[in-house]
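> Contents are mmCIF, C-alpha atoms and all ligand atoms; file name input.cif:
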data_coords
#
loop_
_atom_site.label_atom_id
_atom_site.label_comp_id
_atom_site.auth_asym_id
_atom_site.auth_seq_id
_atom_site.Cartn_x
_atom_site.Cartn_y
_atom_site.Cartn_z
CA MET A 68 16.69 29.23 5.12
CA ALA A 69 16.58 28.28 1.42
CA HIS A 70 20.05 28.23 -0.08
CA GLN A 71 21.08 30.87 -2.58
CA ILE A 72 21.32 30.12 -6.30
CA THR A 73 24.79 31.00 -7.57
CA SER A 74 26.83 30.30 -10.71
CA LYS A 75 27.92 27.05 -9.06
CA THR A 76 24.37 25.72 -8.47
CA SER A 77 23.76 22.41 -10.23
CA ILE A 78 20.42 21.12 -11.56
CA SER A 79 18.47 17.90 -11.22
CA GLY A 80 14.79 17.32 -11.89
CA LEU A 81 11.80 15.17 -12.73
CA LEU A 82 10.57 14.15 -16.19
CA GLY A 83 6.98 12.99 -16.60
CA ASN A 84 3.48 13.92 -17.64
CA PRO A 85 1.47 14.87 -15.67
CA ILE A 86 3.79 16.11 -12.94
CA GLU A 87 1.86 19.04 -11.51
CA HIS A 88 0.92 17.05 -8.41
CA SER A 89 4.38 15.67 -7.71
CA VAL A 90 5.78 16.47 -4.29
CA SER A 91 9.32 15.47 -5.29
CA PRO A 92 10.44 19.11 -5.90
CA ILE A 93 9.33 20.00 -2.37
CA PHE A 94 11.34 17.39 -0.51
CA GLN A 95 14.26 17.25 -2.97
CA ASN A 96 14.92 20.98 -2.64
CA LYS A 97 14.57 20.72 1.14
CA LEU A 98 17.10 17.88 1.01
CA CYS A 99 19.59 20.06 -0.94
CA GLU A 100 19.18 22.68 1.76
CA ILE A 101 19.55 20.26 4.72
CA MET A 102 22.55 18.50 3.14
CA ASN A 103 24.07 21.83 2.10
CA VAL A 104 24.40 20.66 -1.51
CA PRO A 105 24.31 23.63 -3.95
CA SER A 106 21.68 22.24 -6.32
CA VAL A 107 18.06 22.81 -7.38
CA TYR A 108 15.47 20.20 -8.38
CA LEU A 109 12.94 21.21 -11.05
CA PRO A 110 9.80 19.63 -12.55
CA PHE A 111 9.89 19.16 -16.35
CA ARG A 112 6.61 18.24 -18.02
CA VAL A 113 7.57 16.29 -21.13
CA MET A 114 5.09 15.92 -23.99
CA GLN A 115 4.84 12.62 -25.86
CA GLY A 116 7.44 12.55 -28.64
CA ASP A 117 9.72 15.07 -26.93
CA LEU A 118 11.66 12.72 -24.64
CA ALA A 119 14.71 12.43 -26.94
CA LYS A 120 15.01 16.22 -27.32
CA VAL A 121 14.61 16.77 -23.58
CA VAL A 122 17.23 14.16 -22.65
CA ARG A 123 19.72 15.62 -25.16
CA GLY A 124 19.03 19.12 -23.82
CA LEU A 125 19.58 18.12 -20.20
CA GLN A 126 22.82 16.40 -21.16
CA ALA A 127 24.01 19.49 -23.07
CA LEU A 128 23.19 21.65 -20.05
CA ASN A 129 25.35 19.45 -17.82
CA VAL A 130 22.43 18.59 -15.53
CA LYS A 131 23.42 16.16 -12.71
CA GLY A 132 20.58 13.75 -13.34
CA PHE A 133 16.82 13.32 -13.17
CA ASN A 134 13.96 11.20 -11.93
CA VAL A 135 11.58 9.65 -14.43
CA THR A 136 7.91 9.03 -13.79
CA ILE A 137 4.78 8.01 -15.71
CA PRO A 138 4.70 7.55 -18.71
CA TYR A 139 8.47 7.39 -19.40
CA LYS A 140 9.85 4.82 -16.92
CA THR A 141 10.31 2.24 -19.71
CA GLN A 142 10.78 4.54 -22.72
CA ILE A 143 13.83 6.11 -21.06
CA LEU A 144 15.68 2.78 -21.42
CA ASP A 145 16.23 3.61 -25.14
CA PHE A 146 18.50 6.54 -24.20
CA LEU A 147 20.69 4.93 -21.56
CA ASN A 148 24.28 3.70 -21.93
CA GLU A 149 24.06 1.45 -18.88
CA VAL A 150 21.28 0.15 -16.67
CA SER A 151 21.73 -1.18 -13.12
CA GLU A 152 20.91 -4.81 -12.42
CA GLU A 153 18.06 -3.66 -10.18
CA ALA A 154 16.48 -1.49 -12.90
CA SER A 155 16.88 -4.28 -15.43
CA LEU A 156 15.10 -6.73 -13.07
CA MET A 157 12.33 -4.20 -12.51
CA GLY A 158 12.03 -3.42 -16.22
CA ALA A 159 11.83 0.29 -15.42
CA VAL A 160 14.10 3.22 -14.56
CA ASN A 161 13.14 5.99 -12.14
CA THR A 162 16.55 7.66 -11.77
CA VAL A 163 19.13 8.71 -14.35
CA LYS A 164 22.62 10.02 -13.65
CA ILE A 165 24.35 12.07 -16.33
CA TYR A 166 28.09 11.60 -16.27
CA GLY A 167 30.01 13.21 -19.12
CA ASP A 168 28.45 11.97 -22.34
CA LYS A 169 26.97 8.87 -20.68
CA LEU A 170 23.57 8.21 -19.11
CA TYR A 171 23.22 5.64 -16.32
CA GLY A 172 19.81 4.25 -15.30
CA TYR A 173 18.72 3.05 -11.85
CA ASN A 174 15.53 2.04 -10.09
CA THR A 175 15.42 3.23 -6.47
CA ASP A 176 11.80 2.21 -5.68
CA GLY A 177 12.77 -1.16 -4.16
CA LEU A 178 15.54 0.33 -2.02
CA GLY A 179 13.21 3.17 -1.00
CA PHE A 180 10.67 0.57 0.14
CA ILE A 181 13.28 -1.30 2.20
CA ARG A 182 14.67 1.89 3.76
CA ALA A 183 11.12 2.94 4.68
CA LEU A 184 10.56 -0.40 6.44
CA GLU A 185 13.97 -0.35 8.12
CA SER A 186 13.37 3.17 9.40
CA GLN A 187 10.35 1.66 11.21
CA ASP A 188 12.44 -1.27 12.53
CA VAL A 189 10.72 -3.81 10.26
CA CYS A 190 12.93 -6.71 9.16
CA ILE A 191 12.14 -8.82 6.06
CA GLU A 192 14.35 -11.85 6.62
CA ASP A 193 12.41 -15.12 7.10
CA LYS A 194 9.04 -13.38 6.98
CA ASN A 195 5.88 -14.54 5.24
CA VAL A 196 4.64 -11.65 3.12
CA VAL A 197 1.39 -11.13 1.20
CA VAL A 198 1.59 -8.58 -1.64
CA LEU A 199 -1.67 -7.31 -3.12
CA GLY A 200 -1.16 -6.21 -6.75
CA ALA A 201 1.30 -7.10 -9.50
CA GLY A 202 1.97 -3.80 -11.32
CA GLY A 203 5.17 -1.76 -11.51
CA ALA A 204 5.26 -0.96 -7.79
CA ALA A 205 4.71 -4.62 -6.88
CA ARG A 206 7.61 -5.62 -9.09
CA ALA A 207 10.03 -3.36 -7.22
CA VAL A 208 8.70 -4.57 -3.87
CA VAL A 209 8.69 -8.31 -4.63
CA VAL A 210 12.21 -8.26 -6.13
CA LYS A 211 13.49 -6.53 -3.01
CA LEU A 212 11.62 -8.85 -0.62
CA ALA A 213 13.20 -11.86 -2.35
CA GLN A 214 16.68 -10.25 -2.30
CA LYS A 215 16.29 -9.47 1.42
CA GLY A 216 15.52 -13.09 2.37
CA ALA A 217 11.73 -13.23 2.80
CA LYS A 218 10.62 -16.83 3.47
CA ARG A 219 7.55 -16.68 1.19
CA VAL A 220 5.92 -13.94 -0.88
CA ALA A 221 2.33 -14.53 -2.00
CA ILE A 222 1.43 -12.18 -4.87
CA LEU A 223 -2.34 -11.76 -5.18
CA ASN A 224 -3.68 -9.78 -8.12
CA ARG A 225 -6.99 -9.10 -9.85
CA THR A 226 -5.40 -10.31 -13.11
CA GLN A 227 -3.75 -13.55 -12.08
CA ASP A 228 -1.55 -13.81 -15.19
CA LYS A 229 0.38 -10.72 -14.09
CA ALA A 230 0.93 -12.19 -10.62
CA LYS A 231 2.12 -15.42 -12.24
CA ASN A 232 4.58 -13.58 -14.53
CA LEU A 233 5.98 -11.65 -11.59
CA SER A 234 6.39 -14.76 -9.42
CA GLU A 235 8.17 -16.54 -12.29
CA LEU A 236 10.54 -13.61 -12.85
CA VAL A 237 11.46 -13.45 -9.17
CA ASN A 238 11.80 -17.22 -8.74
CA GLU A 239 14.03 -17.46 -11.81
CA ARG A 240 16.20 -14.39 -11.34
CA VAL A 241 16.31 -13.66 -7.60
CA ALA A 242 15.23 -16.43 -5.19
CA ASN A 243 12.61 -19.14 -5.15
CA VAL A 244 10.14 -17.54 -2.72
CA ALA A 245 7.13 -16.34 -4.70
CA VAL A 246 3.70 -17.84 -5.28
CA SER A 247 0.85 -16.25 -7.19
CA ALA A 248 -2.92 -16.27 -6.89
CA GLU A 249 -5.99 -14.31 -7.80
CA LEU A 250 -7.10 -11.44 -5.58
CA ALA A 251 -10.08 -13.47 -4.34
CA ARG A 252 -11.41 -13.64 -0.80
CA ASP A 253 -10.80 -17.37 -0.17
CA LEU A 254 -7.24 -17.13 -1.52
CA ILE A 255 -6.45 -14.03 0.52
CA ASP A 256 -7.71 -15.79 3.64
CA LYS A 257 -5.58 -18.84 2.79
CA TYR A 258 -2.33 -16.93 2.26
CA ALA A 259 -2.89 -14.28 4.90
CA ILE A 260 -3.46 -16.70 7.75
CA ASP A 261 0.22 -16.95 8.72
CA CYS A 262 1.44 -13.74 7.11
CA ASP A 263 3.79 -11.41 9.01
CA ILE A 264 3.64 -8.46 6.60
CA LEU A 265 0.66 -7.48 4.43
CA ILE A 266 1.41 -5.01 1.63
CA ASN A 267 -0.96 -3.17 -0.69
CA THR A 268 0.69 -2.19 -3.97
CA THR A 269 -2.58 -1.69 -5.87
CA SER A 270 -3.87 1.81 -6.54
CA VAL A 271 -7.17 0.96 -4.82
CA GLY A 272 -8.02 3.50 -2.11
CA MET A 273 -6.17 6.35 -3.82
CA TRP A 274 -7.82 9.76 -4.18
CA PRO A 275 -10.61 10.22 -5.28
CA ASP A 276 -11.75 6.65 -4.43
CA ILE A 277 -10.82 7.04 -0.78
CA ASN A 278 -13.60 4.78 0.53
CA LYS A 279 -12.33 1.77 -1.41
CA CYS A 280 -10.14 -0.95 0.03
CA PRO A 281 -8.25 -3.61 -1.97
CA VAL A 282 -9.67 -6.35 0.30
CA ASP A 283 -13.17 -6.77 1.68
CA SER A 284 -12.28 -9.27 4.37
CA LYS A 285 -11.48 -7.41 7.59
CA SER A 286 -10.45 -10.66 9.26
CA ILE A 287 -7.19 -10.71 7.32
CA PHE A 288 -5.92 -7.77 9.38
CA ILE A 289 -6.27 -9.67 12.64
CA ASN A 290 -2.90 -10.57 14.16
CA LYS A 291 -0.93 -9.04 11.29
CA PRO A 292 2.10 -7.36 12.86
CA VAL A 293 2.87 -5.07 9.92
CA VAL A 294 0.59 -3.59 7.25
CA PHE A 295 2.07 -1.38 4.51
CA ASP A 296 0.14 0.67 1.93
CA MET A 297 2.11 2.09 -1.03
CA VAL A 298 -0.56 4.74 -1.49
CA TYR A 299 0.21 8.11 0.12
CA ASN A 300 -2.69 10.16 -1.21
CA PRO A 301 -4.50 10.14 1.14
CA LEU A 302 -1.99 9.45 3.91
CA LYS A 303 -4.63 7.50 5.81
CA THR A 304 -6.31 5.14 3.34
CA LYS A 305 -9.16 2.85 4.32
CA PHE A 306 -6.62 -0.01 4.25
CA ILE A 307 -4.44 1.84 6.80
CA SER A 308 -7.45 2.78 8.94
CA ILE A 309 -8.62 -0.84 9.22
CA ALA A 310 -5.05 -1.93 10.01
CA GLU A 311 -4.81 0.64 12.80
CA ALA A 312 -8.20 -0.40 14.18
CA ASN A 313 -6.80 -3.95 14.39
CA PHE A 314 -3.67 -2.77 16.25
CA CYS A 315 -1.28 -3.55 13.36
CA LYS A 316 1.85 -1.48 12.82
CA ALA A 317 0.44 0.51 9.86
CA ILE A 318 2.84 2.26 7.47
CA ASN A 319 1.73 4.48 4.57
CA GLY A 320 3.58 5.09 1.28
CA LEU A 321 5.12 8.44 2.21
CA GLY A 322 8.32 6.93 3.63
CA MET A 323 8.91 4.90 0.48
CA LEU A 324 8.39 8.00 -1.66
CA VAL A 325 10.90 9.98 0.39
CA TYR A 326 13.54 7.24 0.60
CA GLN A 327 13.42 6.41 -3.13
CA GLY A 328 14.09 10.14 -3.67
CA ILE A 329 16.91 10.12 -1.13
CA CYS A 330 18.50 7.15 -2.97
CA ALA A 331 18.34 9.17 -6.23
CA PHE A 332 19.88 12.22 -4.51
CA GLU A 333 22.72 10.02 -3.21
CA ILE A 334 23.40 8.77 -6.76
CA TRP A 335 23.48 12.26 -8.30
CA HIS A 336 25.49 13.99 -5.59
CA GLU A 337 27.62 11.04 -4.37
CA VAL A 338 26.77 11.62 -0.71
CA SER A 339 25.19 9.49 1.99
CA VAL A 340 21.98 10.75 3.61
CA PRO A 341 21.33 9.63 7.22
CA THR A 342 17.96 7.97 7.99
CA LYS A 343 17.04 10.76 10.42
CA ILE A 344 16.96 13.22 7.49
CA GLY A 345 14.37 10.97 5.80
CA ILE A 346 12.24 11.20 8.94
CA GLU A 347 12.61 14.99 8.85
CA LEU A 348 11.51 15.10 5.18
CA ILE A 349 8.48 12.89 5.91
CA ALA A 350 7.43 15.41 8.57
CA VAL A 351 7.90 18.27 6.04
CA LEU A 352 5.58 16.51 3.57
CA GLU A 353 3.00 15.64 6.21
CA GLN A 354 2.81 19.31 7.09
CA TYR A 355 2.65 20.29 3.41
CA PHE A 356 -0.26 17.90 2.79
CA ALA A 357 -2.08 19.18 5.85
CA GLU A 358 -1.70 22.80 4.68
CA MET A 359 -2.43 22.28 0.97
CA GLN A 360 -6.15 22.73 0.43
CA ASP A 361 -5.81 22.12 -3.32
CA PHE A 362 -3.38 19.20 -3.00
CA ARG A 363 -5.88 17.06 -4.89
P1 LIG B 1 0.23 -0.14 -12.01
O1 LIG B 1 1.46 -0.67 -12.61
O2 LIG B 1 -0.80 0.51 -12.88
O3 LIG B 1 -0.48 -1.34 -11.20
C1 LIG B 1 -1.73 -1.16 -10.59
C2 LIG B 1 -2.07 -2.39 -9.75
O4 LIG B 1 -3.31 -2.14 -9.07
C3 LIG B 1 -2.29 -3.66 -10.59
O5 LIG B 1 -1.92 -4.78 -9.83
C4 LIG B 1 -3.82 -3.63 -10.79
O6 LIG B 1 -4.39 -4.91 -11.02
C5 LIG B 1 -4.26 -3.14 -9.42
N1 LIG B 1 -5.60 -2.54 -9.48
C6 LIG B 1 -5.94 -1.35 -10.04
N2 LIG B 1 -7.27 -1.14 -9.89
C7 LIG B 1 -7.76 -2.21 -9.21
C8 LIG B 1 -9.05 -2.59 -8.73
N3 LIG B 1 -10.12 -1.79 -8.94
N4 LIG B 1 -9.19 -3.76 -8.07
C9 LIG B 1 -8.13 -4.56 -7.86
N5 LIG B 1 -6.86 -4.28 -8.28
C10 LIG B 1 -6.69 -3.12 -8.96
O7 LIG B 1 0.54 0.96 -10.90
P2 LIG B 1 1.85 1.02 -9.95
O8 LIG B 1 2.87 1.87 -10.58
O9 LIG B 1 2.18 -0.36 -9.55
O10 LIG B 1 1.28 1.87 -8.71
C11 LIG B 1 0.36 1.30 -7.79
C12 LIG B 1 0.14 2.23 -6.60
O11 LIG B 1 1.36 2.37 -5.87
C13 LIG B 1 -0.29 3.65 -6.98
O12 LIG B 1 -1.24 4.08 -6.05
C14 LIG B 1 0.98 4.46 -6.86
O13 LIG B 1 0.75 5.82 -6.54
C15 LIG B 1 1.64 3.75 -5.67
N6 LIG B 1 3.09 3.91 -5.67
C16 LIG B 1 3.65 4.44 -4.57
C17 LIG B 1 5.03 4.60 -4.51
C18 LIG B 1 5.63 5.18 -3.27
O14 LIG B 1 6.78 5.61 -3.33
N7 LIG B 1 4.93 5.20 -2.16
C19 LIG B 1 5.84 4.22 -5.58
C20 LIG B 1 5.23 3.65 -6.71
C21 LIG B 1 3.85 3.50 -6.73
P3 LIG B 1 -4.49 -5.52 -12.52
O15 LIG B 1 -3.14 -6.07 -12.84
O16 LIG B 1 -5.53 -6.56 -12.42
O17 LIG B 1 -4.87 -4.37 -13.42
#
Would you mind giving the structure from this file in structure tokens?
Ligand code: NAP


Amino acid sequence: MAHQITSKTSISGLLGNPIEHSVSPIFQNKLCEIMNVPSVYLPFRVMQGDLAKVVRGLQALNVKGFNVTIPYKTQILDFLNEVSEEASLMGAVNTVKIYGDKLYGYNTDGLGFIRALESQDVCIEDKNVVVLGAGGAARAVVVKLAQKGAKRVAILNRTQDKAKNLSELVNERVANVAVSAELARDLIDKYAIDCDILINTTSVGMWPDINKCPVDSKSIFINKPVVFDMVYNPLKTKFISIAEANFCKAINGLGMLVYQGICAFEIWHEVSVPTKIGIELIAVLEQYFAEMQDFR
């Protein structure tokens, strides 16, 4: 049963534009209910130029904190008093905690990714990993892979300069594990041959281009124990379907989405959320997606 709003109910929320398709309010409010935390999570569509006013308003209203999504993940840095080391490495903030007159910035994407893998009993240490893509999501993933002791991370991207910049950042500031290359068939085959975990961080295969796949070589899926796709719309991308057909352990992006949100919830409310609640929330979202005809 949804919890009652009283004069003690606190507020958190999501700032972005567009945000109409975000599923964060669905699982965050369910999380408040399951954890018995008297709080509500609301979507706030913020128009360009209004971010400063919105942040000041939320602070004045004593809001607990908020998530930040496109296009404000970097712009929000201008308003923060302190930024976590993780968010500074990632160059972006997705979670802000308001504490008195101070704003603290975090990035929970990397931790969400790791918790999603750990919830599926996937360990990173000493593994050879191939990461397709070098955008914002890749940055969070590659930083975390290096911090968690991956043996080698090959970053393959359509624009090789971006892959090179990311590998340099990680090698200089985290651990010397990353190599970069173009997202080209011969290079994928070369790096994927002894890879333990294959990760898609590109947006290829996302709705409405659901028949697209970031790689055209099906052979790279053969003998890959774990295949992870950051995309969660649709839940079963072509990338995931090919992985399943090749008997890989295939994991979609829903777990990462839920666990990055759980990490934010833990920061705002200073509680610890057990992994089994993440699994429960994933099931809630799977059902929601199945029921929502106009999800897209
Ligand atoms: P981004 O910063 O815009 O990066 C997009 C990446 O995709 C870049 O590497 C880009 O390559 C590549 N790409 C785009 N179109 C391509 C194409 N046609 N062929 C080859 N490569 C292409 O976006 P992002 O924030 O990293 O997000 C990427 C995906 O991850 C999105 O689908 C997003 O929804 C998903 N995501 C999921 C979660 C989660 O919690 N599950 C969290 C964050 C993001 P170039 O550099 O060459 O342009």

> Any idea what's packed within 10 Å of Ala159 (chain A), counting all atoms listed in the file, ignoring anything in its chain fewer than 3 positions away? Could you give it as a list of chain:residue names?

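My list of contacting residues is A:Val135, A:Thr136, A:Tyr139, A:Lys140, A:Thr141, A:Gln142, A:Ile143, A:Leu144, A:Val150, A:Glu153, A:Ala154, A:Ser155, A:Leu156, A:Thr162, A:Gly172, A:Tyr173, A:Asn174, A:Asp176, A:Gly203, A:Arg206, A:Ala207.
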
> Any idea what the distance is between CA of Tyr326 (chain A) and CA of Phe356 (chain A)?

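A separation of 17.6 Å between them.
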
> So how far away is atom C10 of ligand LIG 1 (chain B) from CA of Lys305 (chain A), in Å?

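Between CA of Lys305 (chain A) and atom C10 of ligand LIG 1 (chain B) the gap works out to 14.8 Å.
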
> Need the shell around Ile289 (chain A): protein/DNA/RNA residues with any atom at most 12 Å away, counting all atoms listed in the file. Skip same-chain ones fewer than 5 positions apart. Format as a list in words?

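Here the qualifying residues turn out to be Asp256, Ala259, Ile260, Asp261, Cys262, Asp263, Ile264, Leu265, Ser284, Val294, Ile309, Ala310, Glu311, Ala312, Asn313, Phe314, Cys315 and Lys316 of chain A.
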
> Output the neighbourhood of ligand LIG 1 (chain B) as an MDAnalysis selection string, that is, all protein and nucleic acid residues with some atom at most 7 Å from the ligand, counting all atoms listed in the file.

chainID A and resid 176 200:205 224:226 229 268:271 273 281 297:299 320:324 327

> Under the rule that only C-alpha atoms are counted, which of A:Ser91, A:Thr175, A:Thr73, A:Asn84 is the nearest residue to Ile334 (chain A)?

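Of all the options, A:Thr175 lies closest to Ile334 (chain A).
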
> Need to verify the contact set: Val113 (chain A), 8 Å, all atoms listed in the file, exclusion of same-chain residues closer than 6 positions in sequence. Can you return it as a list in words?

Leu82, Gly83, Asn84 and Val121 of chain A

> Looking at all atoms listed in the file, which of A:Val209, A:Ile318, A:Ala242, A:Val293 is the one that sits closest to Cys190 (chain A)?

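For Cys190 (chain A), the nearest of the candidates is A:Val293.
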
> Which of these residues is nearest to Ile329 (chain A), using only C-alpha atoms: A:Leu98, A:Leu128, A:Met157, A:Val246?

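Among the listed residues, the smallest separation from Ile329 (chain A) belongs to A:Leu98.
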
> For CA of Pro301 (chain A) and CA of Gly272 (chain A), determine how far apart the two atoms are, in Å to one decimal place.

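Interatomic distance, CA of Pro301 (chain A) to CA of Gly272 (chain A): 8.2 Å.
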
> Just the residues within 12 Å of Ala248 (chain A), please, counting all atoms listed in the file, with nothing from its chain fewer than 2 positions along; format it as a CSV table (one decimal) with C-alpha atoms, in the frame of the given file.


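File written: around.csv
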chain,number,residue,atom,x,y,z
A,197,VAL,CA,1.4,-11.1,1.2
A,198,VAL,CA,1.6,-8.6,-1.6
A,199,LEU,CA,-1.7,-7.3,-3.1
A,200,GLY,CA,-1.2,-6.2,-6.8
A,201,ALA,CA,1.3,-7.1,-9.5
A,220,VAL,CA,5.9,-13.9,-0.9
A,221,ALA,CA,2.3,-14.5,-2.0
A,222,ILE,CA,1.4,-12.2,-4.9
A,223,LEU,CA,-2.3,-11.8,-5.2
A,224,ASN,CA,-3.7,-9.8,-8.1
A,225,ARG,CA,-7.0,-9.1,-9.8
A,226,THR,CA,-5.4,-10.3,-13.1
A,227,GLN,CA,-3.8,-13.6,-12.1
A,228,ASP,CA,-1.6,-13.8,-15.2
A,229,LYS,CA,0.4,-10.7,-14.1
A,230,ALA,CA,0.9,-12.2,-10.6
A,231,LYS,CA,2.1,-15.4,-12.2
A,232,ASN,CA,4.6,-13.6,-14.5
A,233,LEU,CA,6.0,-11.6,-11.6
A,234,SER,CA,6.4,-14.8,-9.4
A,245,ALA,CA,7.1,-16.3,-4.7
A,246,VAL,CA,3.7,-17.8,-5.3
A,250,LEU,CA,-7.1,-11.4,-5.6
A,251,ALA,CA,-10.1,-13.5,-4.3
A,252,ARG,CA,-11.4,-13.6,-0.8
A,253,ASP,CA,-10.8,-17.4,-0.2
A,254,LEU,CA,-7.2,-17.1,-1.5
A,255,ILE,CA,-6.4,-14.0,0.5
A,256,ASP,CA,-7.7,-15.8,3.6
A,257,LYS,CA,-5.6,-18.8,2.8
A,258,TYR,CA,-2.3,-16.9,2.3
A,259,ALA,CA,-2.9,-14.3,4.9

> Around the point (21.3, 23.1, -15.6) (coordinates from the file), which residues reach within 10 Å if we count all atoms listed in the file? Answer as a ChimeraX atom specification.

/A:76-80,106-109,124-132
